[in-house]
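S.K.: Structure file protein_15.cif, mmCIF, C-alpha atoms, is pasted below:
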data_target
loop_
_atom_site.label_atom_id
_atom_site.label_comp_id
_atom_site.auth_asym_id
_atom_site.auth_seq_id
_atom_site.Cartn_x
_atom_site.Cartn_y
_atom_site.Cartn_z
CA MET T 135 -8.34 62.23 217.13
CA ASP T 136 -7.10 59.18 215.21
CA PHE T 137 -10.14 57.67 213.51
CA HIS T 138 -8.56 55.28 210.99
CA LEU T 139 -7.77 51.71 211.90
CA HIS T 140 -6.04 51.34 208.54
CA ASP T 141 -5.37 54.00 205.98
CA ASP T 142 -8.17 52.76 203.73
CA HIS T 143 -10.68 51.89 206.43
CA LEU T 144 -12.83 54.19 208.58
CA ASP T 145 -14.34 52.64 211.69
CA PRO T 146 -18.16 52.67 211.03
CA ARG T 147 -18.83 53.78 214.60
CA ILE T 148 -17.12 57.07 213.81
CA SER T 149 -19.70 58.01 211.19
CA ILE T 150 -22.52 57.35 213.66
CA GLU T 151 -21.03 59.50 216.41
CA LEU T 152 -20.06 62.29 213.98
CA GLU T 153 -23.67 62.36 212.80
CA ASN T 154 -24.81 62.51 216.43
CA LEU T 155 -22.49 65.46 217.04
CA ASN T 156 -23.71 67.22 213.91
CA SER T 157 -27.37 66.70 214.85
CA GLY T 158 -26.64 67.78 218.41
CA THR T 159 -24.97 70.99 217.25
CA ASN T 160 -27.93 71.85 215.03
CA GLU T 161 -30.39 71.16 217.83
CA ILE T 162 -28.45 73.27 220.36
CA ASN T 163 -28.17 76.18 217.91
CA SER T 164 -31.89 76.01 217.12
CA LEU T 165 -32.90 75.89 220.78
CA GLU T 166 -30.58 78.76 221.69
CA GLN T 167 -32.10 80.88 218.93
CA GLU T 168 -35.58 80.11 220.29
CA LEU T 169 -34.36 81.02 223.78
CA ASP T 170 -33.03 84.37 222.53
CA ARG T 171 -36.42 85.13 220.94
CA ALA T 172 -38.27 84.12 224.10
CA ASN T 173 -36.03 86.31 226.27
CA THR T 174 -36.62 89.24 223.92
CA THR T 175 -40.39 88.64 224.05
CA PHE T 176 -40.28 88.55 227.85
CA ARG T 177 -38.38 91.84 228.08
CA LEU T 178 -40.71 93.59 225.65
CA LEU T 179 -43.79 92.22 227.42
CA LEU T 180 -42.45 93.31 230.80
CA THR T 181 -41.88 96.84 229.49
CA ARG T 182 -45.35 96.94 227.94
CA THR T 183 -46.92 95.58 231.11
CA SER T 184 -45.36 98.29 233.26
CA ALA T 185 -46.41 101.04 230.85
CA GLU T 186 -50.02 99.84 230.52
CA LEU T 187 -50.49 99.40 234.26
CA GLU T 188 -48.98 102.79 234.97
CA ALA T 189 -51.26 104.50 232.43
CA LEU T 190 -54.39 102.74 233.72
CA GLY T 191 -53.40 103.44 237.32
CA LYS T 192 -53.24 107.17 236.58
CA ARG T 193 -56.74 107.13 235.05
CA ILE T 194 -58.27 105.21 237.96
CA GLY T 195 -56.35 106.96 240.72
CA SER T 196 -53.72 105.51 243.05
CA ALA T 197 -55.88 106.09 246.15
CA ALA T 198 -58.63 103.69 245.02
CA ILE T 199 -56.07 101.10 243.86
CA GLU T 200 -54.17 101.10 247.15
CA LYS T 201 -57.36 100.89 249.21
CA ALA T 202 -58.63 97.95 247.16
CA ARG T 203 -55.27 96.14 247.02
CA PRO T 204 -55.81 94.17 250.30
CA PHE T 205 -59.03 92.75 248.87
CA TYR T 206 -57.46 91.54 245.64
CA GLU T 207 -54.45 90.12 247.47
CA SER T 208 -56.78 88.29 249.89
CA LEU T 209 -58.84 87.08 246.94
CA ALA T 210 -55.72 85.56 245.37
CA VAL T 211 -54.87 83.84 248.66
CA ALA T 212 -58.41 82.47 248.92
CA GLN T 213 -58.26 81.15 245.35
CA ASP T 214 -54.99 79.35 246.12
CA ALA T 215 -56.52 77.93 249.30
CA HIS T 216 -59.51 76.70 247.30
CA ARG T 217 -57.26 74.93 244.79
CA SER T 218 -55.31 73.33 247.64
CA CYS T 219 -58.56 72.19 249.22
CA LEU T 220 -59.68 70.59 245.95
CA ARG T 221 -56.34 68.78 245.58
CA ALA T 222 -56.59 67.49 249.16
CA ALA T 223 -60.14 66.30 248.54
CA ALA T 224 -59.04 64.42 245.41
CA GLN T 225 -56.18 62.84 247.35
CA PHE T 226 -58.58 61.74 250.09
CA GLN T 227 -60.91 60.18 247.52
CA ARG T 228 -57.99 58.24 245.98
CA ALA T 229 -56.87 57.05 249.43
CA ASN T 230 -60.41 56.01 250.31
CA GLY T 231 -60.67 54.03 247.07
CA ILE T 232 -57.35 52.27 247.71
CA HIS T 233 -58.51 51.42 251.24
CA SER T 234 -61.77 49.92 249.92
CA GLN T 235 -59.92 47.83 247.34
CA ALA T 236 -57.47 46.55 249.96
CA LYS T 237 -60.33 45.52 252.27
CA ALA T 238 -62.07 43.73 249.41
CA LEU T 239 -58.86 41.84 248.63
CA VAL T 240 -58.58 40.66 252.24
CA LYS T 241 -62.19 39.49 252.17
CA GLN T 242 -61.68 37.57 248.92
CA THR T 243 -58.52 35.95 250.29
CA GLU T 244 -60.30 34.87 253.45
CA LEU T 245 -63.13 33.31 251.43
CA ARG T 246 -60.56 31.15 249.64
CA ASN T 247 -59.36 29.78 252.99
CA PRO T 248 -58.20 26.20 252.34
CA LYS T 249 -59.20 23.39 254.69
CA VAL T 250 -55.55 22.69 255.37
CA LEU T 251 -53.39 25.68 256.25
CA ASP T 252 -51.29 26.62 253.27
CA ASN T 253 -48.16 28.79 253.56
CA ALA T 254 -48.75 30.46 250.20
CA TRP T 255 -52.35 31.37 251.14
CA GLN T 256 -51.19 32.71 254.53
CA GLU T 257 -48.55 34.84 252.81
CA VAL T 258 -51.15 36.31 250.44
CA LEU T 259 -53.47 37.06 253.37
CA ASN T 260 -50.68 38.73 255.35
CA HIS T 261 -49.71 40.84 252.36
CA ALA T 262 -53.34 41.90 251.79
CA THR T 263 -53.74 42.76 255.48
CA MET T 264 -50.61 44.94 255.35
CA LYS T 265 -52.06 46.75 252.34
CA VAL T 266 -55.21 47.50 254.35
CA MET T 267 -53.15 48.93 257.22
CA GLU T 268 -51.09 51.09 254.85
CA ALA T 269 -54.25 52.30 253.12
CA GLU T 270 -55.82 53.19 256.47
CA GLU T 271 -52.82 55.35 257.36
CA MET T 272 -52.94 57.03 253.96
CA LYS T 273 -56.67 57.64 254.37
CA LYS T 274 -56.25 59.18 257.84
CA SER T 275 -53.41 61.39 256.66
CA SER T 276 -55.24 62.65 253.58
CA GLU T 277 -58.42 63.19 255.58
CA ALA T 278 -56.54 65.33 258.11
CA GLU T 279 -54.87 67.28 255.29
CA HIS T 280 -58.23 67.92 253.63
CA ARG T 281 -59.69 69.14 256.92
CA LEU T 282 -56.85 71.61 257.43
CA ARG T 283 -57.09 72.89 253.85
CA ALA T 284 -60.85 73.29 254.15
CA GLU T 285 -60.48 75.28 257.39
CA ASP T 286 -57.84 77.48 255.76
CA PHE T 287 -60.13 78.13 252.80
CA VAL T 288 -63.03 79.09 255.07
CA LYS T 289 -60.81 81.58 256.92
CA THR T 290 -59.55 83.23 253.75
CA GLU T 291 -63.07 83.41 252.33
CA ARG T 292 -64.23 85.16 255.48
CA VAL T 293 -61.50 87.80 255.10
CA VAL T 294 -62.46 88.35 251.45
CA HIS T 295 -66.15 88.87 252.32
CA GLU T 296 -65.31 91.33 255.11
CA LEU T 297 -63.07 93.39 252.83
CA GLU T 298 -65.63 93.30 250.05
CA LYS T 299 -68.29 94.82 252.31
CA ARG T 300 -65.98 97.52 253.60
CA LEU T 301 -64.27 98.47 250.31
CA ASN T 302 -66.98 97.79 247.76
CA ARG T 303 -66.73 101.17 245.98
CA GLU T 304 -62.92 101.09 245.67
CA ILE T 305 -63.01 97.45 244.59
CA LEU T 306 -65.37 98.18 241.71
CA LYS T 307 -63.45 101.27 240.62
CA SER T 308 -60.06 99.55 240.59
CA ARG T 309 -61.20 96.22 239.13
CA PRO T 310 -60.03 97.04 235.54
CA TYR T 311 -56.53 97.68 236.93
CA PHE T 312 -56.27 94.39 238.81
CA ASP T 313 -57.91 92.42 235.99
CA LEU T 314 -55.32 93.80 233.56
CA LYS T 315 -52.56 93.06 236.05
CA ASP T 316 -53.69 89.44 236.38
CA GLN T 317 -53.86 89.03 232.60
CA LEU T 318 -50.43 90.54 232.01
CA ASN T 319 -48.90 88.49 234.81
CA ALA T 320 -50.38 85.36 233.24
CA ASP T 321 -48.83 86.33 229.89
CA LEU T 322 -45.46 86.90 231.56
CA GLN T 323 -45.68 83.58 233.38
CA SER T 324 -46.45 81.81 230.12
CA VAL T 325 -43.33 83.22 228.47
CA LYS T 326 -41.29 82.51 231.59
CA THR T 327 -42.41 78.88 231.53
CA GLU T 328 -41.40 78.68 227.85
CA ILE T 329 -37.96 80.08 228.74
CA GLU T 330 -37.50 77.55 231.53
CA ASN T 331 -38.52 74.69 229.23
CA LEU T 332 -36.07 75.85 226.55
CA GLN T 333 -33.27 76.13 229.10
CA SER T 334 -34.00 72.59 230.24
CA SER T 335 -34.02 71.33 226.63
CA ILE T 336 -30.70 73.05 225.92
CA GLY T 337 -29.20 71.41 228.99
CA GLY T 338 -30.40 68.00 227.82
CA ALA T 339 -29.10 68.56 224.28
CA LYS T 340 -25.68 69.63 225.57
CA LYS T 341 -25.52 66.56 227.77
CA THR T 342 -26.32 64.32 224.79
CA TYR T 343 -23.66 66.12 222.72
CA SER T 344 -21.08 65.64 225.48
CA GLU T 345 -21.88 61.93 225.74
CA ALA T 346 -21.45 61.49 221.97
CA LEU T 347 -18.12 63.32 222.13
CA LYS T 348 -16.91 61.06 224.93
CA ARG T 349 -17.87 57.97 222.93
CA LEU T 350 -16.00 59.34 219.93
CA GLU T 351 -12.89 59.94 222.04
CA ALA T 352 -13.13 56.41 223.46
CA ILE T 353 -13.33 54.94 219.95
CA SER T 354 -10.34 57.01 218.87
CA GLU T 355 -8.33 55.83 221.85
CA GLU T 356 -9.27 52.21 221.14
CA ILE T 357 -8.13 52.52 217.52
CA HIS T 358 -4.89 54.22 218.58
CA GLU T 359 -4.08 51.43 221.06
CA ARG T 360 -4.74 48.71 218.47
CA ARG T 361 -2.50 50.47 215.95
CA ASN T 362 0.31 50.76 218.49
CA ALA T 363 -0.07 47.07 219.31
CA CYS T 364 0.36 46.20 215.63
CA VAL T 365 3.49 48.36 215.37
CA ARG T 366 5.07 46.85 218.51
CA THR T 367 4.64 43.24 217.22
CA PRO T 368 7.74 42.39 215.04
CA GLY T 369 7.63 40.08 212.02
CA VAL T 370 8.52 36.58 213.25
CA GLY T 371 10.07 35.38 209.95
CA ALA T 372 12.33 38.41 209.67
CA GLU T 373 13.55 38.00 213.23
CA HIS T 374 14.43 34.28 212.61
CA HIS T 375 16.31 35.07 209.38
CA SER T 376 18.39 37.76 211.06
CA SER T 377 19.30 35.46 213.94
CA SER T 378 20.33 32.58 211.61
CA SER T 379 22.54 34.85 209.53
CA PHE T 380 24.32 36.12 212.62
CA SER T 381 24.88 32.52 213.93
CA SER T 382 26.31 31.40 210.60
CA PHE T 383 28.64 34.34 210.48
CA ALA T 384 29.81 33.74 214.05
CA SER T 385 30.48 29.99 213.50
CA SER T 386 32.76 30.73 210.52
CA GLY T 387 34.88 33.00 212.63
CA GLY T 388 33.84 35.95 210.64
CA ARG T 389 35.41 34.45 207.47
CA GLY T 390 33.69 34.50 204.20
CA ASP T 391 33.79 31.61 201.71
CA GLU T 392 37.33 30.70 200.95
#
Starting from the coordinates I provided, produce the structure as structure tokens.

M.R.:
Amino acid sequence: MDFHLHDDHLDPRISIELENLNSGTNEINSLEQELDRANTTFRLLLTRTSAELEALGKRIGSAAIEKARPFYESLAVAQDAHRSCLRAAAQFQRANGIHSQAKALVKQTELRNPKVLDNAWQEVLNHATMKVMEAEEMKKSSEAEHRLRAEDFVKTERVVHELEKRLNREILKSRPYFDLKDQLNADLQSVKTEIENLQSSIGGAKKTYSEALKRLEAISEEIHERRNACVRTPGVGAEHHSSSSFSSFASSGGRGDE
């Protein structure tokens, strides 16, 4: 890359972009080192998880664990259904609040009804009325979603209670195994999330580095074009002197001073 506009002058933009590249390189290297450590932690944790679960499974007995597994799997499904139901309920409450606010706005607009019809007032009223209609649709949709999620939760809860009655002894015996499994899976998920965040950060840092490099190349190209333009432009005085000398020589017939 050609960074100098003149031999004794460095374009100040170059220093800025070089610093950006240097900072970007340091950031990428640091993040990649963190990613390597996180990947190592994940592998070690996965190995430890498998060993601990296998050892505990042998002490408890595979028969009890396998019999109780449907209960714990159904319990996990029911917990997910409960969380979905809570999210749907919160969404319905938000939609209901928006609907109430939109209705109140329409009422306030109608109370300000001018004696003479005003286009601006009519436009505000129409806009407020449209907001009410949109809010009503949102409210109906979220209400239906909440109803479905609630029904799903009730069904999964019923399955959990039935399994709990039928497999109570195996459930109690194998609980330490499934509790440990849940804890270890949570630890693995935490490290996995850290890895995904680091990968995303590395991608962003590499993009920033690439953008700085492109800007640097553009500056270099700009300087190179300006230098070429200066070289292509001849000295006007020199060109005139050369032309005059040639004309004088030609008019004398090529003779020197006699």

S.K.: Any chance you could resolve the PyMOL selection byres ((chain T and resi 266-277) around 6) against this file and give the residues as a compact mmCIF listing (two decimals) with C-alpha atoms, in the frame of the given file?

M.R.:
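Saved to result29.txt:
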# COMPACT_ATOMS: atom_id res chain seq x y z
CA PHE T 226 -58.58 61.74 250.09
CA ALA T 229 -56.87 57.05 249.43
CA ASN T 230 -60.41 56.01 250.31
CA HIS T 233 -58.51 51.42 251.24
CA ALA T 236 -57.47 46.55 249.96
CA LYS T 237 -60.33 45.52 252.27
CA THR T 263 -53.74 42.76 255.48
CA MET T 264 -50.61 44.94 255.35
CA LYS T 265 -52.06 46.75 252.34
CA ALA T 278 -56.54 65.33 258.11
CA GLU T 279 -54.87 67.28 255.29
CA HIS T 280 -58.23 67.92 253.63

S.K.: How many Å separate atom CA of Gly191 of chain T from atom CA of Ala172 of chain T?

M.R.: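 Atom-to-atom, atom CA of Gly191 of chain T and atom CA of Ala172 of chain T are spaced 27.9 Å apart.
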
S.K.: Tell me which residues the PyMOL selection byres ((chain T and resi 146-148) around 8) grabs here, as a list in words.

M.R.: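 Evaluating the PyMOL selection byres ((chain T and resi 146-148) around 8) on this file yields Phe137, Leu144, Asp145, Ser149, Ile150, Glu151, Leu152, Leu350 and Ile353 of chain T.
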
S.K.: At most 7 Å is the cut-off: for each residue in segment 179-241 of chain T with any atom that close to an atom of segment 313-336 of chain T, write down the nearest atom pair and the distance in Å rounded to one decimal, counting only C-alpha atoms, chain first then increasing number, as a Markdown table.

M.R.:
| residue | atom | partner | partner_atom | distance |
| --- | --- | --- | --- | --- |
| T:Leu179 | CA | T:Leu322 | CA | 6.9 |
| T:Thr183 | CA | T:Leu318 | CA | 6.2 |
| T:Leu187 | CA | T:Lys315 | CA | 6.9 |

S.K.: What's around Arg309 of chain T at 10 Å? Count only C-alpha atoms, leave out sequence neighbours fewer than 5 positions away in its own chain, and write the answer as a PDB file with C-alpha atoms, in the frame of the given file.

M.R.:
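part-v2.pdb was written with the following content:
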ATOM      1  CA  ILE T 194     -58.270 105.210 237.960  1.00  0.00           C
ATOM      2  CA  ALA T 198     -58.630 103.690 245.020  1.00  0.00           C
ATOM      3  CA  ILE T 199     -56.070 101.100 243.860  1.00  0.00           C
ATOM      4  CA  ALA T 202     -58.630  97.950 247.160  1.00  0.00           C
ATOM      5  CA  ARG T 203     -55.270  96.140 247.020  1.00  0.00           C
ATOM      6  CA  TYR T 206     -57.460  91.540 245.640  1.00  0.00           C
ATOM      7  CA  GLU T 304     -62.920 101.090 245.670  1.00  0.00           C
ATOM      8  CA  LEU T 314     -55.320  93.800 233.560  1.00  0.00           C
ATOM      9  CA  LYS T 315     -52.560  93.060 236.050  1.00  0.00           C
TER      10      LYS T 315
END

S.K.: For the atom pair atom CA of Asp286 of chain T and atom CA of Ala215 of chain T, what is the interatomic distance in Å to one decimal place?

M.R.: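 These two atoms are separated by 6.6 Å.
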